[in-house]
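Student: Sharing a structure, written as structure tokens. Questions coming.
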Amino acid sequence: MCAIARIEEVPIQLPNGNTTTLHQVRHVPVLKRSLISIDMLADDGYRTSPSESSWMINQGNMKIENGYEYG
């Protein structure tokens with residue numbers, strides 16, 4: 001089990017220049033990659049649309065991000 005060092009709100013810069021805030025972000029120093037919980041995004045009002053090659057995140061009518069999974 002990995003220890004959580006802190007829980008905080010994290011503002012992120014969007015590609016369009018706006019910012020949004022992710023809530024209850026857990027900082028786990030031993031993890032080498034960032035993870036995003038789809039359930040926690042949904043609790044904050046975000047919609048996610050995964051496909052084979054990308055993953056879109058929307059909030060209301062605003063597109064937040066269109067990203068790719070790297071493995």
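By order in the structure tokens, chains are A, B, ...; within a chain, residues start at 1; ligands start at 1, following the order shown.
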Based on DSSP run over this structure's backbone, return all residues of region 4-68 of chain A in strand (DSSP E), as a PDB file with N, CA and C atoms, in the first residue's frame.
Tutor:
ATOM      1  N   ARG A   6      -0.384  14.065   1.008  1.00  0.00           N
ATOM      2  CA  ARG A   6      -1.322  15.171   1.237  1.00  0.00           C
ATOM      3  C   ARG A   6      -2.460  15.085   0.230  1.00  0.00           C
ATOM      4  N   ILE A   7      -3.563  15.755   0.560  1.00  0.00           N
ATOM      5  CA  ILE A   7      -4.718  15.883  -0.329  1.00  0.00           C
ATOM      6  C   ILE A   7      -4.948  17.369  -0.523  1.00  0.00           C
ATOM      7  N   GLU A   8      -5.042  17.795  -1.783  1.00  0.00           N
ATOM      8  CA  GLU A   8      -5.164  19.230  -2.040  1.00  0.00           C
ATOM      9  C   GLU A   8      -5.931  19.491  -3.323  1.00  0.00           C
ATOM     10  N   GLU A   9      -6.245  20.754  -3.567  1.00  0.00           N
ATOM     11  CA  GLU A   9      -6.816  21.192  -4.837  1.00  0.00           C
ATOM     12  C   GLU A   9      -5.666  21.610  -5.740  1.00  0.00           C
ATOM     13  N   VAL A  10      -5.753  21.227  -7.019  1.00  0.00           N
ATOM     14  CA  VAL A  10      -4.679  21.520  -7.959  1.00  0.00           C
ATOM     15  C   VAL A  10      -5.251  22.250  -9.170  1.00  0.00           C
ATOM     16  N   PRO A  11      -4.831  23.503  -9.389  1.00  0.00           N
ATOM     17  CA  PRO A  11      -5.265  24.188 -10.605  1.00  0.00           C
ATOM     18  C   PRO A  11      -4.450  23.673 -11.790  1.00  0.00           C
ATOM     19  N   ILE A  12      -5.128  23.476 -12.922  1.00  0.00           N
ATOM     20  CA  ILE A  12      -4.408  23.034 -14.122  1.00  0.00           C
ATOM     21  C   ILE A  12      -4.715  23.998 -15.262  1.00  0.00           C
ATOM     22  N   GLN A  13      -3.709  24.255 -16.069  1.00  0.00           N
ATOM     23  CA  GLN A  13      -3.825  25.133 -17.237  1.00  0.00           C
ATOM     24  C   GLN A  13      -4.364  24.318 -18.401  1.00  0.00           C
ATOM     25  N   THR A  19      -8.111  28.037 -16.868  1.00  0.00           N
ATOM     26  CA  THR A  19      -7.683  27.092 -15.834  1.00  0.00           C
ATOM     27  C   THR A  19      -8.906  26.442 -15.215  1.00  0.00           C
ATOM     28  N   THR A  20      -8.750  25.243 -14.711  1.00  0.00           N
ATOM     29  CA  THR A  20      -9.773  24.544 -13.942  1.00  0.00           C
ATOM     30  C   THR A  20      -9.075  23.937 -12.737  1.00  0.00           C
ATOM     31  N   THR A  21      -9.840  23.535 -11.752  1.00  0.00           N
ATOM     32  CA  THR A  21      -9.265  22.995 -10.525  1.00  0.00           C
ATOM     33  C   THR A  21      -9.721  21.558 -10.329  1.00  0.00           C
ATOM     34  N   LEU A  22      -8.766  20.679 -10.081  1.00  0.00           N
ATOM     35  CA  LEU A  22      -9.068  19.311  -9.690  1.00  0.00           C
ATOM     36  C   LEU A  22      -9.121  19.286  -8.169  1.00  0.00           C
ATOM     37  N   HIS A  23     -10.170  18.674  -7.614  1.00  0.00           N
ATOM     38  CA  HIS A  23     -10.387  18.660  -6.164  1.00  0.00           C
ATOM     39  C   HIS A  23      -9.960  17.323  -5.564  1.00  0.00           C
ATOM     40  N   GLN A  24      -9.567  17.362  -4.315  1.00  0.00           N
ATOM     41  CA  GLN A  24      -9.178  16.175  -3.549  1.00  0.00           C
ATOM     42  C   GLN A  24      -8.114  15.346  -4.271  1.00  0.00           C
ATOM     43  N   VAL A  25      -7.112  16.019  -4.799  1.00  0.00           N
ATOM     44  CA  VAL A  25      -5.996  15.346  -5.466  1.00  0.00           C
ATOM     45  C   VAL A  25      -5.079  14.767  -4.401  1.00  0.00           C
ATOM     46  N   ARG A  26      -4.799  13.499  -4.529  1.00  0.00           N
ATOM     47  CA  ARG A  26      -3.932  12.815  -3.556  1.00  0.00           C
ATOM     48  C   ARG A  26      -2.510  12.763  -4.099  1.00  0.00           C
ATOM     49  N   HIS A  27      -1.576  13.253  -3.313  1.00  0.00           N
ATOM     50  CA  HIS A  27      -0.163  13.233  -3.701  1.00  0.00           C
ATOM     51  C   HIS A  27       0.473  11.999  -3.070  1.00  0.00           C
ATOM     52  N   TYR A  46     -17.674  16.465 -14.429  1.00  0.00           N
ATOM     53  CA  TYR A  46     -17.005  16.243 -15.711  1.00  0.00           C
ATOM     54  C   TYR A  46     -17.597  15.015 -16.398  1.00  0.00           C
ATOM     55  N   ARG A  47     -17.587  15.024 -17.735  1.00  0.00           N
ATOM     56  CA  ARG A  47     -17.954  13.858 -18.530  1.00  0.00           C
ATOM     57  C   ARG A  47     -16.697  13.380 -19.246  1.00  0.00           C
ATOM     58  N   THR A  48     -16.530  12.097 -19.344  1.00  0.00           N
ATOM     59  CA  THR A  48     -15.380  11.565 -20.065  1.00  0.00           C
ATOM     60  C   THR A  48     -15.868  10.690 -21.207  1.00  0.00           C
ATOM     61  N   SER A  49     -15.128  10.718 -22.312  1.00  0.00           N
ATOM     62  CA  SER A  49     -15.473   9.939 -23.496  1.00  0.00           C
ATOM     63  C   SER A  49     -14.225   9.226 -24.008  1.00  0.00           C
ATOM     64  N   PRO A  50     -13.973   8.020 -23.504  1.00  0.00           N
ATOM     65  CA  PRO A  50     -12.795   7.296 -23.983  1.00  0.00           C
ATOM     66  C   PRO A  50     -13.060   6.643 -25.342  1.00  0.00           C
ATOM     67  N   TRP A  55      -8.905  10.271 -25.250  1.00  0.00           N
ATOM     68  CA  TRP A  55      -9.811  10.370 -24.116  1.00  0.00           C
ATOM     69  C   TRP A  55     -10.202  11.831 -23.969  1.00  0.00           C
ATOM     70  N   MET A  56     -11.482  12.148 -24.160  1.00  0.00           N
ATOM     71  CA  MET A  56     -11.947  13.522 -24.091  1.00  0.00           C
ATOM     72  C   MET A  56     -12.605  13.778 -22.740  1.00  0.00           C
ATOM     73  N   ILE A  57     -12.321  14.941 -22.164  1.00  0.00           N
ATOM     74  CA  ILE A  57     -12.917  15.354 -20.898  1.00  0.00           C
ATOM     75  C   ILE A  57     -13.678  16.647 -21.144  1.00  0.00           C
ATOM     76  N   ASN A  58     -14.956  16.676 -20.747  1.00  0.00           N
ATOM     77  CA  ASN A  58     -15.809  17.854 -20.922  1.00  0.00           C
ATOM     78  C   ASN A  58     -16.433  18.234 -19.588  1.00  0.00           C
ATOM     79  N   GLN A  59     -16.709  19.535 -19.440  1.00  0.00           N
ATOM     80  CA  GLN A  59     -17.487  20.009 -18.299  1.00  0.00           C
ATOM     81  C   GLN A  59     -18.525  20.973 -18.863  1.00  0.00           C
ATOM     82  N   MET A  62     -18.039  22.948 -22.277  1.00  0.00           N
ATOM     83  CA  MET A  62     -16.632  23.273 -22.499  1.00  0.00           C
ATOM     84  C   MET A  62     -15.780  22.009 -22.595  1.00  0.00           C
ATOM     85  N   LYS A  63     -14.993  21.917 -23.669  1.00  0.00           N
ATOM     86  CA  LYS A  63     -14.030  20.809 -23.814  1.00  0.00           C
ATOM     87  C   LYS A  63     -12.837  21.138 -22.951  1.00  0.00           C
ATOM     88  N   ILE A  64     -12.516  20.272 -22.002  1.00  0.00           N
ATOM     89  CA  ILE A  64     -11.406  20.491 -21.097  1.00  0.00           C
ATOM     90  C   ILE A  64     -10.099  19.986 -21.706  1.00  0.00           C
ATOM     91  N   GLU A  65     -10.115  18.761 -22.203  1.00  0.00           N
ATOM     92  CA  GLU A  65      -8.873  18.171 -22.695  1.00  0.00           C
ATOM     93  C   GLU A  65      -9.195  17.011 -23.620  1.00  0.00           C
ATOM     94  N   ASN A  66      -8.338  16.793 -24.575  1.00  0.00           N
ATOM     95  CA  ASN A  66      -8.385  15.624 -25.440  1.00  0.00           C
ATOM     96  C   ASN A  66      -6.996  15.028 -25.385  1.00  0.00           C
ATOM     97  N   GLY A  67      -6.851  13.903 -24.689  1.00  0.00           N
ATOM     98  CA  GLY A  67      -5.525  13.354 -24.455  1.00  0.00           C
ATOM     99  C   GLY A  67      -5.400  11.920 -24.913  1.00  0.00           C
TER     100      GLY A  67
END
Student: Assign secondary structure with DSSP using the backbone only, and return the residues of region 4-69 of chain A in alpha helix (DSSP H) as a ChimeraX atom specification.
Tutor: /A:38-43
Student: For the residues selected in the previous step, produce a file with all heavy atoms as a PDB file, in the first residue's frame.
Tutor:
ATOM      1  N   ILE A  38     -11.826   8.496 -12.961  1.00  0.00           N
ATOM      2  CA  ILE A  38     -12.986   8.885 -13.742  1.00  0.00           C
ATOM      3  C   ILE A  38     -14.179   9.129 -12.824  1.00  0.00           C
ATOM      4  O   ILE A  38     -14.960  10.052 -13.031  1.00  0.00           O
ATOM      5  CB  ILE A  38     -13.305   7.824 -14.819  1.00  0.00           C
ATOM      6  CG1 ILE A  38     -12.169   7.775 -15.843  1.00  0.00           C
ATOM      7  CG2 ILE A  38     -14.635   8.104 -15.502  1.00  0.00           C
ATOM      8  CD1 ILE A  38     -12.270   6.647 -16.834  1.00  0.00           C
ATOM      9  N   ASP A  39     -14.333   8.312 -11.771  1.00  0.00           N
ATOM     10  CA  ASP A  39     -15.435   8.491 -10.829  1.00  0.00           C
ATOM     11  C   ASP A  39     -15.343   9.835 -10.108  1.00  0.00           C
ATOM     12  O   ASP A  39     -16.351  10.509  -9.914  1.00  0.00           O
ATOM     13  CB  ASP A  39     -15.466   7.363  -9.801  1.00  0.00           C
ATOM     14  CG  ASP A  39     -15.926   6.039 -10.388  1.00  0.00           C
ATOM     15  OD1 ASP A  39     -16.598   6.065 -11.440  1.00  0.00           O
ATOM     16  OD2 ASP A  39     -15.622   4.995  -9.797  1.00  0.00           O
ATOM     17  N   MET A  40     -14.139  10.244  -9.707  1.00  0.00           N
ATOM     18  CA  MET A  40     -13.983  11.528  -9.024  1.00  0.00           C
ATOM     19  C   MET A  40     -14.239  12.689  -9.981  1.00  0.00           C
ATOM     20  O   MET A  40     -14.811  13.702  -9.592  1.00  0.00           O
ATOM     21  CB  MET A  40     -12.616  11.638  -8.360  1.00  0.00           C
ATOM     22  CG  MET A  40     -12.486  10.696  -7.168  1.00  0.00           C
ATOM     23  SD  MET A  40     -10.980  10.925  -6.243  1.00  0.00           S
ATOM     24  CE  MET A  40     -11.410  12.390  -5.326  1.00  0.00           C
ATOM     25  N   LEU A  41     -13.835  12.550 -11.249  1.00  0.00           N
ATOM     26  CA  LEU A  41     -14.147  13.578 -12.239  1.00  0.00           C
ATOM     27  C   LEU A  41     -15.662  13.700 -12.399  1.00  0.00           C
ATOM     28  O   LEU A  41     -16.208  14.800 -12.451  1.00  0.00           O
ATOM     29  CB  LEU A  41     -13.507  13.255 -13.586  1.00  0.00           C
ATOM     30  CG  LEU A  41     -12.005  13.451 -13.708  1.00  0.00           C
ATOM     31  CD1 LEU A  41     -11.516  12.956 -15.068  1.00  0.00           C
ATOM     32  CD2 LEU A  41     -11.612  14.893 -13.502  1.00  0.00           C
ATOM     33  N   ALA A  42     -16.359  12.565 -12.462  1.00  0.00           N
ATOM     34  CA  ALA A  42     -17.820  12.578 -12.598  1.00  0.00           C
ATOM     35  C   ALA A  42     -18.473  13.253 -11.397  1.00  0.00           C
ATOM     36  O   ALA A  42     -19.433  14.011 -11.559  1.00  0.00           O
ATOM     37  CB  ALA A  42     -18.346  11.157 -12.769  1.00  0.00           C
ATOM     38  N   ASP A  43     -17.954  13.008 -10.203  1.00  0.00           N
ATOM     39  CA  ASP A  43     -18.485  13.659  -8.994  1.00  0.00           C
ATOM     40  C   ASP A  43     -18.353  15.174  -9.064  1.00  0.00           C
ATOM     41  O   ASP A  43     -19.151  15.905  -8.485  1.00  0.00           O
ATOM     42  CB  ASP A  43     -17.770  13.150  -7.738  1.00  0.00           C
ATOM     43  CG  ASP A  43     -18.141  11.720  -7.387  1.00  0.00           C
ATOM     44  OD1 ASP A  43     -19.132  11.201  -7.945  1.00  0.00           O
ATOM     45  OD2 ASP A  43     -17.432  11.117  -6.558  1.00  0.00           O
TER      46      ASP A  43
END
Student: Tell me, in Å to one decimal, how far CA of Glu52 (chain A) is from CA of Val28 (chain A).
Tutor: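 Computing it gives 28.3 Å between the two atoms.
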Student: Do you have the CA of Asp44 (chain A)-CA of Asn18 (chain A) distance handy?
Tutor: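 Pair CA of Asp44 (chain A) / CA of Asn18 (chain A) returns 17.3 Å.
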